[in-house]
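Below: my_file-v2.cif (mmCIF, C-alpha atoms)
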```
data_input
#
loop_
_atom_site.group_PDB
_atom_site.id
_atom_site.type_symbol
_atom_site.label_atom_id
_atom_site.label_comp_id
_atom_site.auth_asym_id
_atom_site.auth_seq_id
_atom_site.Cartn_x
_atom_site.Cartn_y
_atom_site.Cartn_z
ATOM 1 C CA MET D 1 61.719 -46.607 46.275
ATOM 2 C CA ILE D 2 61.954 -46.703 42.501
ATOM 3 C CA VAL D 3 60.818 -44.013 40.114
ATOM 4 C CA PHE D 4 60.614 -45.238 36.550
ATOM 5 C CA ILE D 5 61.088 -42.521 33.951
ATOM 6 C CA ILE D 6 59.208 -43.182 30.730
ATOM 7 C CA GLY D 7 58.469 -41.196 27.622
ATOM 8 C CA ALA D 8 58.727 -41.214 23.869
ATOM 9 C CA PRO D 9 62.155 -40.636 22.307
ATOM 10 C CA GLY D 10 63.190 -37.006 22.693
ATOM 11 C CA THR D 11 61.121 -36.213 25.771
ATOM 12 C CA GLY D 12 64.204 -35.793 27.968
ATOM 13 C CA LYS D 13 64.345 -39.015 29.982
ATOM 14 C CA THR D 14 68.137 -39.194 30.096
ATOM 15 C CA SER D 15 68.524 -35.468 30.818
ATOM 16 C CA VAL D 16 66.095 -35.659 33.739
ATOM 17 C CA ALA D 17 67.837 -38.782 35.060
ATOM 18 C CA THR D 18 71.191 -36.979 34.939
ATOM 19 C CA GLU D 19 69.720 -34.112 36.968
ATOM 20 C CA LEU D 20 68.290 -36.578 39.501
ATOM 21 C CA GLN D 21 71.708 -38.202 39.792
ATOM 22 C CA ASN D 22 73.225 -34.767 40.451
ATOM 23 C CA SER D 23 70.670 -34.419 43.283
ATOM 24 C CA GLY D 24 71.801 -37.624 44.986
ATOM 25 C CA TRP D 25 69.579 -40.214 43.363
ATOM 26 C CA THR D 26 70.959 -43.558 42.207
ATOM 27 C CA VAL D 27 70.156 -43.669 38.504
ATOM 28 C CA ALA D 28 70.189 -46.417 35.889
ATOM 29 C CA ASP D 29 69.403 -45.964 32.219
ATOM 30 C CA LEU D 30 68.740 -49.336 30.593
ATOM 31 C CA ASP D 31 70.190 -48.228 27.241
ATOM 32 C CA ASP D 32 73.359 -46.863 28.878
ATOM 33 C CA ASN D 33 73.753 -50.010 30.968
ATOM 34 C CA LEU D 34 73.466 -52.249 27.913
ATOM 35 C CA LEU D 35 76.005 -50.104 26.059
ATOM 36 C CA ALA D 36 78.397 -50.463 29.012
ATOM 37 C CA GLN D 37 78.062 -54.246 28.605
ATOM 38 C CA GLY D 38 78.951 -53.962 24.916
ATOM 39 C CA ILE D 39 75.365 -54.415 23.732
ATOM 40 C CA SER D 40 74.157 -51.783 21.275
ATOM 41 C CA PRO D 41 70.373 -51.325 21.410
ATOM 42 C CA ALA D 42 70.530 -49.480 18.068
ATOM 43 C CA GLU D 43 72.183 -52.463 16.356
ATOM 44 C CA PHE D 44 69.484 -54.798 17.665
ATOM 45 C CA VAL D 45 66.800 -52.498 16.261
ATOM 46 C CA LEU D 46 68.535 -52.075 12.900
ATOM 47 C CA GLU D 47 68.974 -55.846 12.594
ATOM 48 C CA GLY D 48 65.327 -56.469 13.515
ATOM 49 C CA LYS D 49 66.270 -58.352 16.687
ATOM 50 C CA HIS D 50 63.515 -56.822 18.800
ATOM 51 C CA THR D 51 62.849 -59.993 20.804
ATOM 52 C CA GLU D 52 66.522 -60.311 21.770
ATOM 53 C CA LEU D 53 66.686 -56.638 22.753
ATOM 54 C CA GLU D 54 63.552 -56.972 24.869
ATOM 55 C CA ALA D 55 65.073 -60.016 26.613
ATOM 56 C CA SER D 56 68.259 -58.040 27.346
ATOM 57 C CA TYR D 57 66.237 -55.130 28.749
ATOM 58 C CA HIS D 58 64.168 -57.474 30.881
ATOM 59 C CA GLN D 59 67.208 -59.306 32.263
ATOM 60 C CA LEU D 60 68.874 -55.995 33.140
ATOM 61 C CA LEU D 61 65.708 -54.585 34.730
ATOM 62 C CA THR D 62 65.283 -57.716 36.860
ATOM 63 C CA SER D 63 68.895 -57.425 38.018
ATOM 64 C CA LEU D 64 68.474 -53.723 38.875
ATOM 65 C CA ILE D 65 65.321 -54.434 40.860
ATOM 66 C CA GLU D 66 67.174 -57.072 42.896
ATOM 67 C CA ASP D 67 69.858 -54.451 43.630
ATOM 68 C CA VAL D 68 67.176 -52.027 44.806
ATOM 69 C CA LYS D 69 65.725 -54.619 47.169
ATOM 70 C CA ARG D 70 69.151 -54.974 48.831
ATOM 71 C CA GLU D 71 69.323 -51.194 49.490
ATOM 72 C CA PRO D 72 65.694 -50.273 50.257
ATOM 73 C CA GLY D 73 66.244 -46.830 51.824
ATOM 74 C CA GLU D 74 67.710 -45.194 48.732
ATOM 75 C CA LYS D 75 66.040 -43.171 45.985
ATOM 76 C CA TYR D 76 66.342 -44.910 42.633
ATOM 77 C CA ALA D 77 65.398 -43.713 39.165
ATOM 78 C CA ILE D 78 65.375 -46.149 36.267
ATOM 79 C CA VAL D 79 65.037 -44.886 32.702
ATOM 80 C CA LEU D 80 62.955 -47.277 30.626
ATOM 81 C CA PRO D 81 63.557 -47.022 26.869
ATOM 82 C CA SER D 82 60.416 -46.329 24.877
ATOM 83 C CA ASN D 83 60.932 -49.421 22.713
ATOM 84 C CA PHE D 84 60.884 -51.567 25.876
ATOM 85 C CA VAL D 85 57.803 -49.925 27.359
ATOM 86 C CA VAL D 86 55.799 -50.264 24.130
ATOM 87 C CA THR D 87 57.194 -53.070 22.017
ATOM 88 C CA GLU D 88 57.721 -52.990 18.264
ATOM 89 C CA GLY D 89 54.522 -53.265 16.266
ATOM 90 C CA SER D 90 52.265 -52.875 19.299
ATOM 91 C CA SER D 91 50.066 -50.129 20.661
ATOM 92 C CA ASP D 92 50.038 -51.611 24.160
ATOM 93 C CA CYS D 93 52.486 -51.664 27.039
ATOM 94 C CA ASN D 94 54.926 -54.540 27.037
ATOM 95 C CA PRO D 95 53.124 -57.360 28.924
ATOM 96 C CA LYS D 96 56.376 -58.777 30.313
ATOM 97 C CA LEU D 97 57.268 -55.349 31.739
ATOM 98 C CA LEU D 98 53.790 -55.030 33.263
ATOM 99 C CA GLN D 99 54.176 -58.469 34.901
ATOM 100 C CA THR D 100 57.558 -57.495 36.342
ATOM 101 C CA LEU D 101 56.192 -54.232 37.740
ATOM 102 C CA ALA D 102 53.166 -55.988 39.238
ATOM 103 C CA ARG D 103 55.446 -58.555 40.894
ATOM 104 C CA ILE D 104 57.592 -55.933 42.649
ATOM 105 C CA ARG D 105 54.792 -53.518 43.515
ATOM 106 C CA ASP D 106 53.945 -55.477 46.691
ATOM 107 C CA THR D 107 57.462 -55.269 48.129
ATOM 108 C CA THR D 108 58.959 -52.056 46.753
ATOM 109 C CA PRO D 109 57.367 -48.600 46.549
ATOM 110 C CA MET D 110 57.410 -47.662 42.870
ATOM 111 C CA TYR D 111 56.134 -44.843 40.731
ATOM 112 C CA ALA D 112 56.209 -43.969 37.056
ATOM 113 C CA VAL D 113 56.885 -40.483 35.793
ATOM 114 C CA GLY D 114 55.766 -39.911 32.232
ATOM 115 C CA LEU D 115 57.561 -37.206 30.277
ATOM 116 C CA GLU D 116 55.660 -35.514 27.513
ATOM 117 C CA THR D 117 56.511 -32.732 25.104
ATOM 118 C CA ASN D 118 54.863 -30.901 22.265
ATOM 119 C CA LEU D 119 55.316 -32.168 18.736
ATOM 120 C CA SER D 120 57.604 -29.330 17.627
ATOM 121 C CA LYS D 121 60.069 -30.085 20.450
ATOM 122 C CA LEU D 122 59.888 -33.790 19.681
ATOM 123 C CA VAL D 123 60.730 -33.125 16.037
ATOM 124 C CA LEU D 124 63.690 -30.916 16.992
ATOM 125 C CA ARG D 125 65.073 -33.277 19.617
ATOM 126 C CA ASN D 126 64.889 -36.312 17.353
ATOM 127 C CA GLY D 127 66.657 -34.549 14.496
ATOM 128 C CA LEU D 128 63.695 -34.810 12.183
ATOM 129 C CA ILE D 129 64.039 -31.318 10.809
ATOM 130 C CA GLY D 130 66.172 -30.877 7.777
ATOM 131 C CA ASN D 131 66.160 -30.323 4.063
ATOM 132 C CA ARG D 132 63.450 -32.700 2.941
ATOM 133 C CA GLY D 133 65.209 -33.165 -0.394
ATOM 134 C CA VAL D 134 68.348 -34.467 1.324
ATOM 135 C CA ASN D 135 67.281 -36.040 4.617
ATOM 136 C CA PRO D 136 64.440 -38.506 4.862
ATOM 137 C CA VAL D 137 62.022 -36.932 7.313
ATOM 138 C CA MET D 138 59.144 -38.675 9.012
ATOM 139 C CA PRO D 139 56.000 -36.767 8.156
ATOM 140 C CA ARG D 140 54.680 -34.803 11.140
ATOM 141 C CA LYS D 141 51.370 -36.632 10.934
ATOM 142 C CA SER D 142 53.111 -40.020 11.265
ATOM 143 C CA LEU D 143 55.204 -38.781 14.176
ATOM 144 C CA ARG D 144 52.110 -37.320 15.855
ATOM 145 C CA ASN D 145 50.274 -40.655 15.484
ATOM 146 C CA LEU D 146 53.250 -42.578 16.875
ATOM 147 C CA TYR D 147 53.583 -40.204 19.834
ATOM 148 C CA GLU D 148 49.839 -40.298 20.584
ATOM 149 C CA ARG D 149 49.768 -44.118 20.489
ATOM 150 C CA PHE D 150 52.747 -44.247 22.847
ATOM 151 C CA SER D 151 51.187 -41.738 25.257
ATOM 152 C CA GLU D 152 47.894 -43.612 25.263
ATOM 153 C CA ALA D 153 49.618 -46.963 25.900
ATOM 154 C CA VAL D 154 51.622 -45.734 28.894
ATOM 155 C CA SER D 155 48.954 -43.584 30.531
ATOM 156 C CA PRO D 156 47.736 -46.406 32.852
ATOM 157 C CA LEU D 157 51.294 -46.741 34.234
ATOM 158 C CA VAL D 158 51.962 -43.069 34.910
ATOM 159 C CA ASN D 159 51.594 -41.613 38.399
ATOM 160 C CA LEU D 160 52.928 -38.180 37.463
ATOM 161 C CA SER D 161 52.987 -36.541 34.019
ATOM 162 C CA LEU D 162 55.459 -33.758 33.331
ATOM 163 C CA ASP D 163 55.809 -31.572 30.257
ATOM 164 C CA SER D 164 59.429 -31.268 29.170
ATOM 165 C CA SER D 165 58.625 -28.706 26.495
ATOM 166 C CA THR D 166 57.964 -25.976 29.057
ATOM 167 C CA GLN D 167 60.455 -26.848 31.818
ATOM 168 C CA SER D 168 64.143 -27.685 31.920
ATOM 169 C CA ALA D 169 65.467 -31.094 32.945
ATOM 170 C CA ALA D 170 66.690 -29.530 36.210
ATOM 171 C CA GLU D 171 63.209 -28.150 36.965
ATOM 172 C CA LEU D 172 61.593 -31.515 36.186
ATOM 173 C CA ALA D 173 64.107 -33.342 38.402
ATOM 174 C CA LYS D 174 63.345 -30.935 41.251
ATOM 175 C CA ILE D 175 59.604 -31.671 40.895
ATOM 176 C CA ILE D 176 60.267 -35.424 40.958
ATOM 177 C CA ASP D 177 62.576 -35.083 43.964
ATOM 178 C CA GLN D 178 59.962 -33.073 45.885
ATOM 179 C CA GLU D 179 57.120 -35.389 44.907
ATOM 180 C CA TYR D 180 58.940 -38.608 45.847
ATOM 181 C CA ARG D 181 60.964 -37.819 48.931
ATOM 182 C CA CYS D 182 61.827 -40.840 51.033
#
```
As C-alpha cells, how would this structure be written, given the file I've shared?
Amino acid sequence: MIVFIIGAPGTGKTSVATELQNSGWTVADLDDNLLAQGISPAEFVLEGKHTELEASYHQLLTSLIEDVKREPGEKYAIVLPSNFVVTEGSSDCNPKLLQTLARIRDTTPMYAVGLETNLSKLVLRNGLIGNRGVNPVMPRKSLRNLYERFSEAVSPLVNLSLDSSTQSAAELAKIIDQEYRC
C-alpha cells in the first residue's frame, strides 16, 4: 500500500512523513531522494529547467513504485513535491503523474493524503514574513491565489484531507496510520 502525501509548500509534508517513519512506515521524499543523488531540485527551478526536474521526479517515482511492488505487505508513504504534482505554469495536475498513478492503481492499493493549512501558517512556514522594505515578500493575495489554484488542481486526487494548521505532524501521522492500516 502506498500513501502519497501532497500539499502546497509549507503544509508539513516532510514533517508528517518523518512522523510516519517514526511509526514504522517506509518513507520516501522525492526531493530528499534527488538531493541524496546529488541533484538539487532548487537549482533546476532557479535555472528554469522544469522539464528536466519533472523527468527526474518521474524516473525516481517509477523506481520507488517498482520497489513497493517487490514488498507488497509494507506501509509506504511517498512525499510528492508540489512542483511535480502541479507543474510550472499550469493550474492542472501533472498529466504524466496522473498516468503513472492510473497505471499502478490496478495492482497496488494507493491513496493520496492532501495537507492543507490556513494562509497565515503558510506565510510563516515559507518565510514570507519580514520587513517589506528589505525582503521581497509575495503579496498575500498572490499567495492565496497560488494556494487556491493548487488545492483545486489536486482535489480530484485526494482521498483524505488534513489541516496542518490545527494539528501537529505527529497527530496527522497518527490519523493517517489509523486510516490506512494494512
What lies within 8 Å of Phe150 in chain D using all atoms listed in the file, ignoring chain neighbours under 2 positions off, as a list in words? Ala8, Val86, Ser91, Asp92, Leu146, Tyr147, Glu148, Glu152, Ala153 and Val154 of chain D
Give me the residues within 10 Å of Lys96 in chain D as a count of residues only, counting only C-alpha atoms and dropping any in the same chain fewer than 3 places off. 10
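With all atoms listed in the file as the atoms that count, the residue of D:Asn145, D:Thr14, D:Ser56, D:Thr26 with the shortest distance to Gly73 in chain D is D:Thr26.
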Padding 4 Å on each side, edges along x, y and z: where is the centre of the box around the listed atoms of range 99-117 of chain D, and how long are its edges in Å to one decimal? Output it as JSON.
```
{"center_x": 56.1, "center_y": -45.6, "center_z": 36.6, "size_x": 13.8, "size_y": 33.8, "size_z": 31.0}
```
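Nearest residue to Arg103 in chain D among D:Glu171, D:Glu66, D:Glu43, D:Asp163 is D:Glu66, counting all atoms listed in the file.
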What separates CA of Tyr76 in chain D and CA of Val45 in chain D is a distance of 27.4 Å
Check what the PyMOL selection byres ((chain D and resi 30) around 7) selects in the file above and give those residues as an mmCIF file with C-alpha atoms, in the coordinates of the input.
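Result written to expr_10.cif:
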```
data_model
loop_
_atom_site.group_PDB
_atom_site.id
_atom_site.type_symbol
_atom_site.label_atom_id
_atom_site.label_comp_id
_atom_site.auth_asym_id
_atom_site.auth_seq_id
_atom_site.Cartn_x
_atom_site.Cartn_y
_atom_site.Cartn_z
ATOM 1 C CA ALA D 28 70.189 -46.417 35.889
ATOM 2 C CA ASP D 29 69.403 -45.964 32.219
ATOM 3 C CA ASP D 31 70.190 -48.228 27.241
ATOM 4 C CA ASP D 32 73.359 -46.863 28.878
ATOM 5 C CA ASN D 33 73.753 -50.010 30.968
ATOM 6 C CA LEU D 34 73.466 -52.249 27.913
ATOM 7 C CA TYR D 57 66.237 -55.130 28.749
ATOM 8 C CA VAL D 79 65.037 -44.886 32.702
ATOM 9 C CA LEU D 80 62.955 -47.277 30.626
ATOM 10 C CA PRO D 81 63.557 -47.022 26.869
#
```
Given the PyMOL selection byres ((chain D and resi 177) around 12) and the file above, list the residues it selects as a PyMOL selection string. chain D and resi 1-3+16-17+19-25+75-77+113+170-176+178-182
Next, dump the selected residues to file, keeping only C-alpha atoms, as an mmCIF file, in the coordinates of the input.
```cif
data_model
loop_
_atom_site.group_PDB
_atom_site.id
_atom_site.type_symbol
_atom_site.label_atom_id
_atom_site.label_comp_id
_atom_site.auth_asym_id
_atom_site.auth_seq_id
_atom_site.Cartn_x
_atom_site.Cartn_y
_atom_site.Cartn_z
ATOM 1 C CA MET D 1 61.719 -46.607 46.275
ATOM 2 C CA ILE D 2 61.954 -46.703 42.501
ATOM 3 C CA VAL D 3 60.818 -44.013 40.114
ATOM 4 C CA VAL D 16 66.095 -35.659 33.739
ATOM 5 C CA ALA D 17 67.837 -38.782 35.060
ATOM 6 C CA GLU D 19 69.720 -34.112 36.968
ATOM 7 C CA LEU D 20 68.290 -36.578 39.501
ATOM 8 C CA GLN D 21 71.708 -38.202 39.792
ATOM 9 C CA ASN D 22 73.225 -34.767 40.451
ATOM 10 C CA SER D 23 70.670 -34.419 43.283
ATOM 11 C CA GLY D 24 71.801 -37.624 44.986
ATOM 12 C CA TRP D 25 69.579 -40.214 43.363
ATOM 13 C CA LYS D 75 66.040 -43.171 45.985
ATOM 14 C CA TYR D 76 66.342 -44.910 42.633
ATOM 15 C CA ALA D 77 65.398 -43.713 39.165
ATOM 16 C CA VAL D 113 56.885 -40.483 35.793
ATOM 17 C CA ALA D 170 66.690 -29.530 36.210
ATOM 18 C CA GLU D 171 63.209 -28.150 36.965
ATOM 19 C CA LEU D 172 61.593 -31.515 36.186
ATOM 20 C CA ALA D 173 64.107 -33.342 38.402
ATOM 21 C CA LYS D 174 63.345 -30.935 41.251
ATOM 22 C CA ILE D 175 59.604 -31.671 40.895
ATOM 23 C CA ILE D 176 60.267 -35.424 40.958
ATOM 24 C CA GLN D 178 59.962 -33.073 45.885
ATOM 25 C CA GLU D 179 57.120 -35.389 44.907
ATOM 26 C CA TYR D 180 58.940 -38.608 45.847
ATOM 27 C CA ARG D 181 60.964 -37.819 48.931
ATOM 28 C CA CYS D 182 61.827 -40.840 51.033
#
```
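Computed from the coordinates, the CA of Ser151 in chain D to CA of Met110 in chain D distance equals 19.6 Å.
The two atoms in question, CA of Thr11 in chain D and CA of Ser165 in chain D, are spaced 7.9 Å apart.
Ranking D:Leu143, D:Ala112, D:Val68, D:Ile104 by their shortest atom-to-atom distance to Ser161 in chain D, with all atoms listed in the file included, puts D:Ala112 first.
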So which residues get picked by the PyMOL selection byres ((chain D and resi 117) around 7) here, written as a compact mmCIF listing (two decimals) with C-alpha atoms, in the frame of the given file?
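New file selection-v7.txt:
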```txt
# COMPACT_ATOMS: atom_id res chain seq x y z
CA THR D 11 61.12 -36.21 25.77
CA LEU D 115 57.56 -37.21 30.28
CA GLU D 116 55.66 -35.51 27.51
CA ASN D 118 54.86 -30.90 22.26
CA LEU D 119 55.32 -32.17 18.74
CA LYS D 121 60.07 -30.08 20.45
CA LEU D 122 59.89 -33.79 19.68
CA ASP D 163 55.81 -31.57 30.26
CA SER D 164 59.43 -31.27 29.17
CA SER D 165 58.62 -28.71 26.50
```
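The residue that comes closest to Ile65 in chain D, out of D:Ser90, D:Thr108, D:Ser120, D:Thr51 and on the basis of only C-alpha atoms, is D:Thr108.
Compared by their closest atoms to His50 in chain D, and using only C-alpha atoms, the residues D:Asn83, D:Lys69, D:Thr18, D:Arg144 rank with D:Asn83 nearest.
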Which is closest to Asn94 in chain D among D:Val27, D:Leu60, D:Leu157, D:Ala36, if we use only C-alpha atoms? D:Leu157
